[in-house]
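Have a look at protein.cif below; it lists mmCIF, N, CA and C atoms.
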data_entry
#
loop_
_atom_site.label_atom_id
_atom_site.label_comp_id
_atom_site.auth_asym_id
_atom_site.auth_seq_id
_atom_site.Cartn_x
_atom_site.Cartn_y
_atom_site.Cartn_z
N GLN A 1 21.63 -49.75 83.48
CA GLN A 1 21.88 -49.12 82.20
C GLN A 1 20.80 -49.57 81.20
N VAL A 2 20.19 -48.59 80.52
CA VAL A 2 19.16 -48.90 79.55
C VAL A 2 19.80 -49.51 78.31
N GLN A 3 19.25 -50.62 77.88
CA GLN A 3 19.86 -51.31 76.75
C GLN A 3 18.83 -52.11 75.96
N LEU A 4 18.99 -52.07 74.63
CA LEU A 4 18.23 -52.92 73.73
C LEU A 4 19.22 -53.70 72.89
N VAL A 5 19.02 -55.00 72.78
CA VAL A 5 19.94 -55.83 72.01
C VAL A 5 19.15 -56.68 71.03
N GLU A 6 19.43 -56.46 69.73
CA GLU A 6 18.75 -57.22 68.69
C GLU A 6 19.53 -58.48 68.35
N SER A 7 18.80 -59.46 67.85
CA SER A 7 19.42 -60.69 67.35
C SER A 7 18.48 -61.32 66.33
N GLY A 8 19.00 -62.30 65.59
CA GLY A 8 18.17 -63.04 64.66
C GLY A 8 18.33 -62.68 63.20
N GLY A 9 19.14 -61.67 62.91
CA GLY A 9 19.37 -61.32 61.51
C GLY A 9 20.21 -62.37 60.81
N GLY A 10 20.33 -62.21 59.49
CA GLY A 10 21.14 -63.15 58.73
C GLY A 10 20.85 -63.05 57.24
N LEU A 11 21.34 -64.05 56.52
CA LEU A 11 21.15 -64.14 55.07
C LEU A 11 20.07 -65.17 54.77
N VAL A 12 19.12 -64.78 53.94
CA VAL A 12 18.02 -65.68 53.60
C VAL A 12 17.65 -65.46 52.13
N GLN A 13 17.15 -66.50 51.50
CA GLN A 13 16.70 -66.37 50.11
C GLN A 13 15.34 -65.70 50.05
N ALA A 14 15.06 -65.08 48.93
CA ALA A 14 13.76 -64.47 48.71
C ALA A 14 12.66 -65.52 48.93
N GLY A 15 11.61 -65.09 49.62
CA GLY A 15 10.53 -65.99 49.97
C GLY A 15 10.69 -66.66 51.32
N GLY A 16 11.86 -66.53 51.91
CA GLY A 16 12.14 -67.15 53.19
C GLY A 16 11.65 -66.31 54.36
N SER A 17 11.98 -66.79 55.57
CA SER A 17 11.52 -66.15 56.79
C SER A 17 12.66 -65.98 57.79
N LEU A 18 12.51 -64.99 58.63
CA LEU A 18 13.41 -64.77 59.77
C LEU A 18 12.58 -64.23 60.93
N ARG A 19 13.09 -64.46 62.14
CA ARG A 19 12.48 -63.82 63.30
C ARG A 19 13.55 -63.04 64.05
N LEU A 20 13.32 -61.75 64.16
CA LEU A 20 14.22 -60.89 64.93
C LEU A 20 13.73 -60.80 66.37
N SER A 21 14.68 -60.71 67.28
CA SER A 21 14.36 -60.53 68.69
C SER A 21 15.04 -59.26 69.20
N CYS A 22 14.41 -58.63 70.18
CA CYS A 22 14.99 -57.45 70.81
C CYS A 22 14.78 -57.56 72.31
N ALA A 23 15.86 -57.83 73.01
CA ALA A 23 15.81 -57.98 74.47
C ALA A 23 16.10 -56.65 75.13
N ALA A 24 15.31 -56.31 76.15
CA ALA A 24 15.44 -55.03 76.84
C ALA A 24 15.91 -55.24 78.28
N SER A 25 16.67 -54.28 78.75
CA SER A 25 17.09 -54.32 80.16
C SER A 25 17.30 -52.90 80.65
N GLY A 26 17.18 -52.72 81.97
CA GLY A 26 17.50 -51.43 82.57
C GLY A 26 16.36 -50.43 82.62
N PHE A 27 15.14 -50.84 82.24
CA PHE A 27 14.02 -49.93 82.35
C PHE A 27 12.73 -50.72 82.49
N THR A 28 11.65 -49.98 82.81
CA THR A 28 10.35 -50.64 83.01
C THR A 28 9.72 -50.94 81.67
N PHE A 29 9.77 -52.16 81.30
CA PHE A 29 9.34 -52.60 79.98
C PHE A 29 7.89 -52.23 79.72
N SER A 30 7.04 -52.32 80.72
CA SER A 30 5.60 -52.14 80.53
C SER A 30 5.23 -50.69 80.23
N SER A 31 6.12 -49.73 80.45
CA SER A 31 5.80 -48.33 80.22
C SER A 31 6.21 -47.85 78.83
N LEU A 32 6.65 -48.77 77.99
CA LEU A 32 7.25 -48.39 76.72
C LEU A 32 6.49 -48.90 75.51
N VAL A 33 6.36 -48.02 74.52
CA VAL A 33 5.96 -48.45 73.19
C VAL A 33 7.21 -49.01 72.52
N ARG A 34 7.04 -50.05 71.74
CA ARG A 34 8.19 -50.67 71.08
C ARG A 34 8.00 -50.64 69.57
N GLY A 35 9.10 -50.48 68.87
CA GLY A 35 9.02 -50.42 67.41
C GLY A 35 10.23 -51.04 66.74
N TRP A 36 10.08 -51.28 65.45
CA TRP A 36 11.17 -51.74 64.60
C TRP A 36 11.33 -50.76 63.45
N PHE A 37 12.57 -50.44 63.14
CA PHE A 37 12.92 -49.59 62.01
C PHE A 37 13.96 -50.35 61.18
N ARG A 38 14.19 -49.85 59.96
CA ARG A 38 15.25 -50.43 59.14
C ARG A 38 15.91 -49.34 58.31
N GLN A 39 17.14 -49.61 57.94
CA GLN A 39 17.90 -48.66 57.13
C GLN A 39 18.70 -49.42 56.10
N ALA A 40 18.37 -49.19 54.84
CA ALA A 40 19.10 -49.79 53.73
C ALA A 40 20.26 -48.86 53.34
N PRO A 41 21.28 -49.39 52.70
CA PRO A 41 22.42 -48.56 52.31
C PRO A 41 21.99 -47.36 51.47
N GLY A 42 22.44 -46.19 51.86
CA GLY A 42 22.15 -44.99 51.11
C GLY A 42 20.75 -44.43 51.30
N LYS A 43 19.99 -45.02 52.22
CA LYS A 43 18.61 -44.57 52.44
C LYS A 43 18.41 -44.12 53.88
N GLU A 44 17.32 -43.38 54.08
CA GLU A 44 16.96 -42.96 55.42
C GLU A 44 16.43 -44.13 56.24
N ARG A 45 16.57 -44.02 57.55
CA ARG A 45 15.98 -45.04 58.42
C ARG A 45 14.47 -44.90 58.35
N GLU A 46 13.78 -46.02 58.15
CA GLU A 46 12.33 -45.98 58.02
C GLU A 46 11.67 -46.87 59.06
N TRP A 47 10.50 -46.43 59.46
CA TRP A 47 9.71 -47.19 60.42
C TRP A 47 9.12 -48.42 59.74
N VAL A 48 9.07 -49.55 60.48
CA VAL A 48 8.56 -50.81 59.94
C VAL A 48 7.29 -51.27 60.67
N SER A 49 7.37 -51.29 62.00
CA SER A 49 6.26 -51.86 62.77
C SER A 49 6.34 -51.33 64.20
N ALA A 50 5.19 -51.30 64.88
CA ALA A 50 5.15 -50.81 66.26
C ALA A 50 4.07 -51.56 67.04
N ILE A 51 4.29 -51.63 68.35
CA ILE A 51 3.33 -52.28 69.23
C ILE A 51 3.18 -51.45 70.49
N SER A 52 1.94 -51.32 70.96
CA SER A 52 1.65 -50.50 72.12
C SER A 52 2.10 -51.16 73.41
N ARG A 53 2.02 -50.40 74.49
CA ARG A 53 2.38 -50.93 75.80
C ARG A 53 1.54 -52.16 76.15
N SER A 54 0.26 -52.07 75.86
CA SER A 54 -0.63 -53.19 76.20
C SER A 54 -0.46 -54.38 75.27
N GLY A 55 0.11 -54.14 74.10
CA GLY A 55 0.19 -55.19 73.09
C GLY A 55 -1.08 -55.29 72.27
N GLY A 56 -2.10 -54.50 72.61
CA GLY A 56 -3.36 -54.59 71.92
C GLY A 56 -3.41 -53.84 70.61
N THR A 57 -2.45 -52.95 70.40
CA THR A 57 -2.38 -52.18 69.16
C THR A 57 -1.07 -52.47 68.45
N THR A 58 -1.17 -52.89 67.21
CA THR A 58 0.02 -53.06 66.38
C THR A 58 -0.23 -52.33 65.06
N ILE A 59 0.84 -51.75 64.55
CA ILE A 59 0.76 -51.02 63.27
C ILE A 59 1.94 -51.46 62.42
N ASP A 60 1.70 -51.64 61.14
CA ASP A 60 2.75 -52.04 60.21
C ASP A 60 2.80 -51.07 59.03
N ALA A 61 4.00 -50.82 58.55
CA ALA A 61 4.15 -50.03 57.33
C ALA A 61 3.52 -50.77 56.15
N ASP A 62 3.03 -50.02 55.19
CA ASP A 62 2.37 -50.65 54.03
C ASP A 62 3.30 -51.63 53.31
N SER A 63 4.59 -51.32 53.31
CA SER A 63 5.55 -52.14 52.58
C SER A 63 5.72 -53.54 53.18
N VAL A 64 5.32 -53.72 54.44
CA VAL A 64 5.51 -55.02 55.09
C VAL A 64 4.20 -55.62 55.57
N LYS A 65 3.11 -54.90 55.38
CA LYS A 65 1.81 -55.36 55.89
C LYS A 65 1.45 -56.71 55.26
N GLY A 66 1.02 -57.61 56.14
CA GLY A 66 0.67 -58.94 55.69
C GLY A 66 1.84 -59.91 55.62
N ARG A 67 3.05 -59.39 55.75
CA ARG A 67 4.24 -60.24 55.72
C ARG A 67 4.99 -60.25 57.05
N PHE A 68 5.01 -59.12 57.74
CA PHE A 68 5.73 -58.99 59.00
C PHE A 68 4.72 -58.92 60.15
N THR A 69 5.11 -59.47 61.29
CA THR A 69 4.27 -59.43 62.48
C THR A 69 5.11 -59.08 63.69
N ILE A 70 4.70 -58.04 64.41
CA ILE A 70 5.38 -57.66 65.64
C ILE A 70 4.63 -58.26 66.82
N SER A 71 5.38 -58.70 67.83
CA SER A 71 4.76 -59.23 69.04
C SER A 71 5.70 -58.98 70.21
N LYS A 72 5.19 -59.19 71.42
CA LYS A 72 6.02 -58.93 72.59
C LYS A 72 5.76 -59.98 73.66
N ASP A 73 6.78 -60.20 74.46
CA ASP A 73 6.72 -61.10 75.60
C ASP A 73 7.14 -60.31 76.82
N ASN A 74 6.16 -59.83 77.59
CA ASN A 74 6.48 -58.98 78.72
C ASN A 74 7.29 -59.72 79.78
N ALA A 75 7.02 -60.98 79.95
CA ALA A 75 7.73 -61.74 80.96
C ALA A 75 9.23 -61.78 80.70
N ASN A 76 9.61 -61.77 79.43
CA ASN A 76 11.02 -61.82 79.06
C ASN A 76 11.55 -60.49 78.55
N ASN A 77 10.75 -59.43 78.66
CA ASN A 77 11.17 -58.10 78.19
C ASN A 77 11.68 -58.13 76.76
N THR A 78 11.00 -58.87 75.90
CA THR A 78 11.48 -59.07 74.54
C THR A 78 10.38 -58.77 73.53
N VAL A 79 10.77 -58.12 72.45
CA VAL A 79 9.89 -57.87 71.32
C VAL A 79 10.42 -58.65 70.13
N TYR A 80 9.51 -59.14 69.32
CA TYR A 80 9.88 -59.95 68.16
C TYR A 80 9.35 -59.31 66.88
N LEU A 81 10.02 -59.59 65.78
CA LEU A 81 9.52 -59.24 64.47
C LEU A 81 9.64 -60.48 63.59
N ARG A 82 8.50 -61.07 63.32
CA ARG A 82 8.46 -62.23 62.44
C ARG A 82 8.33 -61.73 61.01
N MET A 83 9.25 -62.13 60.16
CA MET A 83 9.29 -61.65 58.78
C MET A 83 9.13 -62.84 57.84
N ASN A 84 8.03 -62.85 57.12
CA ASN A 84 7.74 -63.91 56.13
C ASN A 84 7.78 -63.34 54.72
N SER A 85 7.86 -64.23 53.75
CA SER A 85 7.84 -63.83 52.33
C SER A 85 8.83 -62.70 52.06
N LEU A 86 10.03 -62.86 52.53
CA LEU A 86 11.03 -61.80 52.42
C LEU A 86 11.40 -61.52 50.97
N LYS A 87 11.67 -60.25 50.71
CA LYS A 87 12.03 -59.78 49.36
C LYS A 87 13.41 -59.14 49.42
N PRO A 88 14.10 -59.09 48.28
CA PRO A 88 15.41 -58.43 48.28
C PRO A 88 15.34 -56.99 48.78
N GLU A 89 14.24 -56.31 48.55
CA GLU A 89 14.12 -54.93 49.02
C GLU A 89 13.94 -54.82 50.53
N ASP A 90 13.80 -55.93 51.22
CA ASP A 90 13.78 -55.93 52.68
C ASP A 90 15.19 -55.91 53.27
N THR A 91 16.19 -56.03 52.43
CA THR A 91 17.57 -56.01 52.89
C THR A 91 17.88 -54.68 53.56
N ALA A 92 18.36 -54.74 54.80
CA ALA A 92 18.64 -53.53 55.58
C ALA A 92 19.22 -53.94 56.93
N VAL A 93 19.69 -52.95 57.65
CA VAL A 93 19.98 -53.12 59.07
C VAL A 93 18.68 -52.81 59.82
N TYR A 94 18.27 -53.73 60.65
CA TYR A 94 17.03 -53.58 61.40
C TYR A 94 17.35 -53.16 62.84
N TYR A 95 16.64 -52.12 63.30
CA TYR A 95 16.84 -51.58 64.63
C TYR A 95 15.56 -51.71 65.44
N CYS A 96 15.70 -52.10 66.68
CA CYS A 96 14.55 -52.00 67.56
C CYS A 96 14.67 -50.72 68.37
N ALA A 97 13.53 -50.21 68.82
CA ALA A 97 13.48 -48.94 69.52
C ALA A 97 12.39 -48.98 70.58
N ALA A 98 12.52 -48.10 71.55
CA ALA A 98 11.53 -48.00 72.63
C ALA A 98 11.28 -46.54 72.94
N GLY A 99 10.03 -46.25 73.28
CA GLY A 99 9.67 -44.87 73.63
C GLY A 99 8.63 -44.86 74.73
N TYR A 100 8.74 -43.89 75.62
CA TYR A 100 7.79 -43.80 76.73
C TYR A 100 6.46 -43.26 76.25
N SER A 101 5.40 -43.79 76.83
CA SER A 101 4.04 -43.34 76.51
C SER A 101 3.16 -43.43 77.73
N SER A 102 2.30 -42.43 77.90
CA SER A 102 1.32 -42.47 78.99
C SER A 102 0.11 -43.30 78.62
N SER A 103 -0.04 -43.59 77.35
CA SER A 103 -1.18 -44.36 76.87
C SER A 103 -0.80 -45.83 76.72
N ARG A 104 -1.65 -46.70 77.19
CA ARG A 104 -1.40 -48.14 77.05
C ARG A 104 -1.69 -48.65 75.65
N ASP A 105 -2.46 -47.89 74.88
CA ASP A 105 -2.93 -48.43 73.60
C ASP A 105 -2.46 -47.64 72.38
N SER A 106 -1.52 -46.75 72.55
CA SER A 106 -0.98 -46.00 71.42
C SER A 106 0.31 -46.64 70.94
N ALA A 107 0.55 -46.54 69.63
CA ALA A 107 1.81 -46.99 69.05
C ALA A 107 2.34 -45.88 68.16
N PHE A 108 3.65 -45.77 68.07
CA PHE A 108 4.27 -44.65 67.37
C PHE A 108 4.87 -45.09 66.03
N THR A 109 4.76 -44.19 65.05
CA THR A 109 5.32 -44.50 63.74
C THR A 109 6.48 -43.58 63.36
N THR A 110 6.76 -42.58 64.17
CA THR A 110 7.79 -41.62 63.84
C THR A 110 9.06 -41.86 64.65
N ARG A 111 10.17 -41.64 64.00
CA ARG A 111 11.47 -41.91 64.62
C ARG A 111 11.66 -41.08 65.88
N GLY A 112 11.20 -39.84 65.88
CA GLY A 112 11.41 -38.96 67.01
C GLY A 112 10.68 -39.36 68.28
N ALA A 113 9.71 -40.25 68.16
CA ALA A 113 8.97 -40.69 69.34
C ALA A 113 9.72 -41.73 70.14
N TYR A 114 10.80 -42.23 69.59
CA TYR A 114 11.58 -43.28 70.24
C TYR A 114 12.91 -42.72 70.74
N GLY A 115 13.18 -42.93 72.02
CA GLY A 115 14.40 -42.38 72.59
C GLY A 115 15.46 -43.40 72.91
N ILE A 116 15.12 -44.67 72.79
CA ILE A 116 16.06 -45.74 73.12
C ILE A 116 16.20 -46.63 71.90
N TRP A 117 17.44 -46.92 71.52
CA TRP A 117 17.70 -47.66 70.29
C TRP A 117 18.69 -48.79 70.53
N GLY A 118 18.51 -49.87 69.78
CA GLY A 118 19.50 -50.93 69.76
C GLY A 118 20.58 -50.65 68.73
N GLN A 119 21.55 -51.56 68.63
CA GLN A 119 22.67 -51.39 67.73
C GLN A 119 22.37 -51.86 66.32
N GLY A 120 21.34 -52.64 66.14
CA GLY A 120 20.95 -53.09 64.80
C GLY A 120 21.43 -54.49 64.50
N THR A 121 20.69 -55.15 63.61
CA THR A 121 21.07 -56.47 63.13
C THR A 121 20.83 -56.52 61.62
N GLN A 122 21.79 -57.07 60.89
CA GLN A 122 21.73 -57.07 59.43
C GLN A 122 20.82 -58.19 58.92
N VAL A 123 19.94 -57.81 58.00
CA VAL A 123 19.12 -58.78 57.29
C VAL A 123 19.42 -58.63 55.80
N THR A 124 19.81 -59.71 55.18
CA THR A 124 20.12 -59.70 53.75
C THR A 124 19.28 -60.75 53.05
N VAL A 125 18.54 -60.32 52.04
CA VAL A 125 17.67 -61.22 51.30
C VAL A 125 18.21 -61.33 49.88
N SER A 126 18.59 -62.53 49.49
CA SER A 126 19.14 -62.75 48.15
C SER A 126 18.04 -63.14 47.17
N SER A 127 18.23 -62.75 45.93
CA SER A 127 17.21 -63.04 44.91
C SER A 127 17.46 -64.37 44.23
#

Would you mind writing the file's structure down as structure tokens?
Amino acid sequence: QVQLVESGGGLVQAGGSLRLSCAASGFTFSSLVRGWFRQAPGKEREWVSAISRSGGTTIDADSVKGRFTISKDNANNTVYLRMNSLKPEDTAVYYCAAGYSSSRDSAFTTRGAYGIWGQGTQVTVSS
């Protein structure tokens, strides 16, 4: 069964850090582009960061560039999102996602490119 499970969310003060993890099972990890999205209350789900199959290409949304870092561990089928200098506006439910790609070096920024989703983990940043 294809599954993505996020962990690592929580409550943190502004300026603090968190690391989210997304463990994958039930599919060939190396054939997938991986991404992180977030959804704040009353807002649309938005793309945050993505990493290619090879790991050689990473893309970040402007709102998190320089503060968030996506990485992957193929041996453990896990993708991470390191979040530094957190702001109250980063408060959201964070979702990891996976999408198939024939290219080893492409990363996706659109929600429709991802067909596999986790259940989400809450991140709350207090001011």

Do you know which residues the PyMOL selection byres ((chain A and resi 3) around 6.5) returns on this file, as a ChimeraX atom specification? /A:1-2,4-5,23-27,117-118

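The gap separating atom C of Asp90 of chain A from atom N of Gln122 of chain A is 10.1 Å, in Å to one decimal.
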
Selection under test: the PyMOL selection byres ((chain A and resi 92) around 7); residues as a PyMOL selection string: chain A and resi 38-41+89-91+93-94+121-125

If you run DSSP on this backbone, which residues of chain A come out as strand (DSSP E or B), and could you give them as number ranges by chain? A: 3-7, 10-13, 18-25, 32-39, 46-51, 58-60, 68-73, 78-83, 92-100, 116-117, 121-126

The PyMOL selection byres ((chain A and resi 126) around 6.5) on the file shown: which residues, as a list in words? Leu11, Val12, Gln13, Ala14, Lys87, Pro88, Thr124, Val125 and Ser127 of chain A

Pick from A:Ala97, A:Ser21, A:Trp36, A:Trp47: nearest to Asn76 of chain A, with only C-alpha atoms counted? A:Ser21

From the list A:Ile70, A:Arg53, A:Leu81, A:Tyr95, the nearest residue to Phe37 of chain A using all atoms listed in the file is A:Tyr95

Residue among A:Ala75, A:Val33, A:Met83, A:Ala50 lying closest to Ser17 of chain A, counting only C-alpha atoms: A:Met83

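Residue nearest Asn77 of chain A within the list A:Ser52, A:Ser30, A:Ser7, A:Thr109: A:Ser30 [criterion: smallest interatomic distance, all atoms listed in the file].
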
Between A:Thr57, A:Ser31, A:Gln119, A:Thr69, smallest distance to Asp105 of chain A by only N, CA and C atoms belongs to A:Thr57

With a distance cut-off of 5 Å and all atoms listed in the file, select the neighbouring residues of segment 58-66 of chain A, excluding the residue or stretch itself and same-chain residues fewer than 4 positions from it, and output the selection as a PDB file with N, CA and C atoms, keeping the file's coordinate frame.
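The file below, out_8.pdb, is the result:
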ATOM      1  N   VAL A  48       9.070 -49.550  60.480  1.00  0.00           N
ATOM      2  CA  VAL A  48       8.560 -50.810  59.940  1.00  0.00           C
ATOM      3  C   VAL A  48       7.290 -51.270  60.670  1.00  0.00           C
ATOM      4  N   SER A  49       7.370 -51.290  62.000  1.00  0.00           N
ATOM      5  CA  SER A  49       6.260 -51.860  62.770  1.00  0.00           C
ATOM      6  C   SER A  49       6.340 -51.330  64.200  1.00  0.00           C
ATOM      7  N   ALA A  50       5.190 -51.300  64.880  1.00  0.00           N
ATOM      8  CA  ALA A  50       5.150 -50.810  66.260  1.00  0.00           C
ATOM      9  C   ALA A  50       4.070 -51.560  67.040  1.00  0.00           C
ATOM     10  N   ILE A  51       4.290 -51.630  68.350  1.00  0.00           N
ATOM     11  CA  ILE A  51       3.330 -52.280  69.230  1.00  0.00           C
ATOM     12  C   ILE A  51       3.180 -51.450  70.490  1.00  0.00           C
TER      13      ILE A  51
END

Write out as a count of residues only the set of residues from chain A that DSSP, computed on the backbone, places in helix (DSSP H, G or I). 12

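In this structure, atom C of Arg34 of chain A sits 5.4 Å away from atom CA of Ala98 of chain A.
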
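The space separating atom C of Arg45 of chain A from atom CA of Cys96 of chain A comes to 11.6 Å.
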
Test item: which residues lie within 6 Å of (8.9, -65.8, 52.3) counting only N, CA and C atoms, as an NGL selection string: :A and (14-17 or 84-86)

Could you take the residues named above and write them with N, CA and C atoms, as a PDB file, in the coordinates of the input?
ATOM      1  N   ALA A  14      15.060 -65.080  48.930  1.00  0.00           N
ATOM      2  CA  ALA A  14      13.760 -64.470  48.710  1.00  0.00           C
ATOM      3  C   ALA A  14      12.660 -65.520  48.930  1.00  0.00           C
ATOM      4  N   GLY A  15      11.610 -65.090  49.620  1.00  0.00           N
ATOM      5  CA  GLY A  15      10.530 -65.990  49.970  1.00  0.00           C
ATOM      6  C   GLY A  15      10.690 -66.660  51.320  1.00  0.00           C
ATOM      7  N   GLY A  16      11.860 -66.530  51.910  1.00  0.00           N
ATOM      8  CA  GLY A  16      12.140 -67.150  53.190  1.00  0.00           C
ATOM      9  C   GLY A  16      11.650 -66.310  54.360  1.00  0.00           C
ATOM     10  N   SER A  17      11.980 -66.790  55.570  1.00  0.00           N
ATOM     11  CA  SER A  17      11.520 -66.150  56.790  1.00  0.00           C
ATOM     12  C   SER A  17      12.660 -65.980  57.790  1.00  0.00           C
ATOM     13  N   ASN A  84       8.030 -62.850  57.120  1.00  0.00           N
ATOM     14  CA  ASN A  84       7.740 -63.910  56.130  1.00  0.00           C
ATOM     15  C   ASN A  84       7.780 -63.340  54.720  1.00  0.00           C
ATOM     16  N   SER A  85       7.860 -64.230  53.750  1.00  0.00           N
ATOM     17  CA  SER A  85       7.840 -63.830  52.330  1.00  0.00           C
ATOM     18  C   SER A  85       8.830 -62.700  52.060  1.00  0.00           C
ATOM     19  N   LEU A  86      10.030 -62.860  52.530  1.00  0.00           N
ATOM     20  CA  LEU A  86      11.030 -61.800  52.420  1.00  0.00           C
ATOM     21  C   LEU A  86      11.400 -61.520  50.970  1.00  0.00           C
TER      22      LEU A  86
END

Any chance you could build segment 28-36 of chain A out to all heavy atoms and write it as a PDB file, keeping the file's coordinate frame?
ATOM      1  N   THR A  28      11.650 -49.980  82.810  1.00  0.00           N
ATOM      2  CA  THR A  28      10.350 -50.640  83.010  1.00  0.00           C
ATOM      3  C   THR A  28       9.720 -50.940  81.670  1.00  0.00           C
ATOM      4  O   THR A  28       9.217 -50.062  80.992  1.00  0.00           O
ATOM      5  CB  THR A  28       9.413 -49.734  83.841  1.00  0.00           C
ATOM      6  OG1 THR A  28      10.057 -49.381  85.055  1.00  0.00           O
ATOM      7  CG2 THR A  28       8.111 -50.463  84.122  1.00  0.00           C
ATOM      8  N   PHE A  29       9.770 -52.160  81.300  1.00  0.00           N
ATOM      9  CA  PHE A  29       9.340 -52.600  79.980  1.00  0.00           C
ATOM     10  C   PHE A  29       7.890 -52.230  79.720  1.00  0.00           C
ATOM     11  O   PHE A  29       7.535 -51.813  78.620  1.00  0.00           O
ATOM     12  CB  PHE A  29       9.532 -54.110  79.896  1.00  0.00           C
ATOM     13  CG  PHE A  29       9.264 -54.700  78.546  1.00  0.00           C
ATOM     14  CD1 PHE A  29      10.204 -54.610  77.549  1.00  0.00           C
ATOM     15  CD2 PHE A  29       8.073 -55.359  78.292  1.00  0.00           C
ATOM     16  CE1 PHE A  29       9.965 -55.169  76.303  1.00  0.00           C
ATOM     17  CE2 PHE A  29       7.832 -55.919  77.049  1.00  0.00           C
ATOM     18  CZ  PHE A  29       8.774 -55.832  76.049  1.00  0.00           C
ATOM     19  N   SER A  30       7.040 -52.320  80.720  1.00  0.00           N
ATOM     20  CA  SER A  30       5.600 -52.140  80.530  1.00  0.00           C
ATOM     21  C   SER A  30       5.230 -50.690  80.230  1.00  0.00           C
ATOM     22  O   SER A  30       4.122 -50.422  79.785  1.00  0.00           O
ATOM     23  CB  SER A  30       4.841 -52.629  81.747  1.00  0.00           C
ATOM     24  OG  SER A  30       5.233 -51.886  82.890  1.00  0.00           O
ATOM     25  N   SER A  31       6.120 -49.730  80.450  1.00  0.00           N
ATOM     26  CA  SER A  31       5.800 -48.330  80.220  1.00  0.00           C
ATOM     27  C   SER A  31       6.210 -47.850  78.830  1.00  0.00           C
ATOM     28  O   SER A  31       6.106 -46.672  78.525  1.00  0.00           O
ATOM     29  CB  SER A  31       6.494 -47.463  81.271  1.00  0.00           C
ATOM     30  OG  SER A  31       7.890 -47.560  81.135  1.00  0.00           O
ATOM     31  N   LEU A  32       6.650 -48.770  77.990  1.00  0.00           N
ATOM     32  CA  LEU A  32       7.250 -48.390  76.720  1.00  0.00           C
ATOM     33  C   LEU A  32       6.490 -48.900  75.510  1.00  0.00           C
ATOM     34  O   LEU A  32       6.072 -50.063  75.481  1.00  0.00           O
ATOM     35  CB  LEU A  32       8.680 -48.914  76.643  1.00  0.00           C
ATOM     36  CG  LEU A  32       9.640 -48.336  77.669  1.00  0.00           C
ATOM     37  CD1 LEU A  32      10.888 -49.176  77.755  1.00  0.00           C
ATOM     38  CD2 LEU A  32       9.997 -46.912  77.304  1.00  0.00           C
ATOM     39  N   VAL A  33       6.360 -48.020  74.520  1.00  0.00           N
ATOM     40  CA  VAL A  33       5.960 -48.450  73.190  1.00  0.00           C
ATOM     41  C   VAL A  33       7.210 -49.010  72.520  1.00  0.00           C
ATOM     42  O   VAL A  33       8.307 -48.500  72.704  1.00  0.00           O
ATOM     43  CB  VAL A  33       5.423 -47.264  72.374  1.00  0.00           C
ATOM     44  CG1 VAL A  33       5.161 -47.659  70.928  1.00  0.00           C
ATOM     45  CG2 VAL A  33       4.161 -46.712  73.018  1.00  0.00           C
ATOM     46  N   ARG A  34       7.040 -50.050  71.740  1.00  0.00           N
ATOM     47  CA  ARG A  34       8.190 -50.670  71.080  1.00  0.00           C
ATOM     48  C   ARG A  34       8.000 -50.640  69.570  1.00  0.00           C
ATOM     49  O   ARG A  34       6.872 -50.761  69.056  1.00  0.00           O
ATOM     50  CB  ARG A  34       8.349 -52.130  71.547  1.00  0.00           C
ATOM     51  CG  ARG A  34       8.436 -52.273  73.063  1.00  0.00           C
ATOM     52  CD  ARG A  34       9.699 -51.643  73.615  1.00  0.00           C
ATOM     53  NE  ARG A  34      10.891 -52.327  73.156  1.00  0.00           N
ATOM     54  CZ  ARG A  34      11.367 -53.436  73.689  1.00  0.00           C
ATOM     55  NH1 ARG A  34      10.771 -53.965  74.719  1.00  0.00           N
ATOM     56  NH2 ARG A  34      12.449 -53.994  73.190  1.00  0.00           N
ATOM     57  N   GLY A  35       9.100 -50.480  68.870  1.00  0.00           N
ATOM     58  CA  GLY A  35       9.020 -50.420  67.410  1.00  0.00           C
ATOM     59  C   GLY A  35      10.230 -51.040  66.740  1.00  0.00           C
ATOM     60  O   GLY A  35      11.263 -51.275  67.376  1.00  0.00           O
ATOM     61  N   TRP A  36      10.080 -51.280  65.450  1.00  0.00           N
ATOM     62  CA  TRP A  36      11.170 -51.740  64.600  1.00  0.00           C
ATOM     63  C   TRP A  36      11.330 -50.760  63.450  1.00  0.00           C
ATOM     64  O   TRP A  36      10.328 -50.316  62.857  1.00  0.00           O
ATOM     65  CB  TRP A  36      10.897 -53.139  64.037  1.00  0.00           C
ATOM     66  CG  TRP A  36      11.049 -54.244  65.024  1.00  0.00           C
ATOM     67  CD1 TRP A  36      10.058 -54.821  65.766  1.00  0.00           C
ATOM     68  CD2 TRP A  36      12.268 -54.913  65.379  1.00  0.00           C
ATOM     69  NE1 TRP A  36      10.585 -55.809  66.563  1.00  0.00           N
ATOM     70  CE2 TRP A  36      11.930 -55.889  66.340  1.00  0.00           C
ATOM     71  CE3 TRP A  36      13.597 -54.791  64.981  1.00  0.00           C
ATOM     72  CZ2 TRP A  36      12.890 -56.734  66.909  1.00  0.00           C
ATOM     73  CZ3 TRP A  36      14.534 -55.635  65.546  1.00  0.00           C
ATOM     74  CH2 TRP A  36      14.184 -56.587  66.504  1.00  0.00           C
TER      75      TRP A  36
END
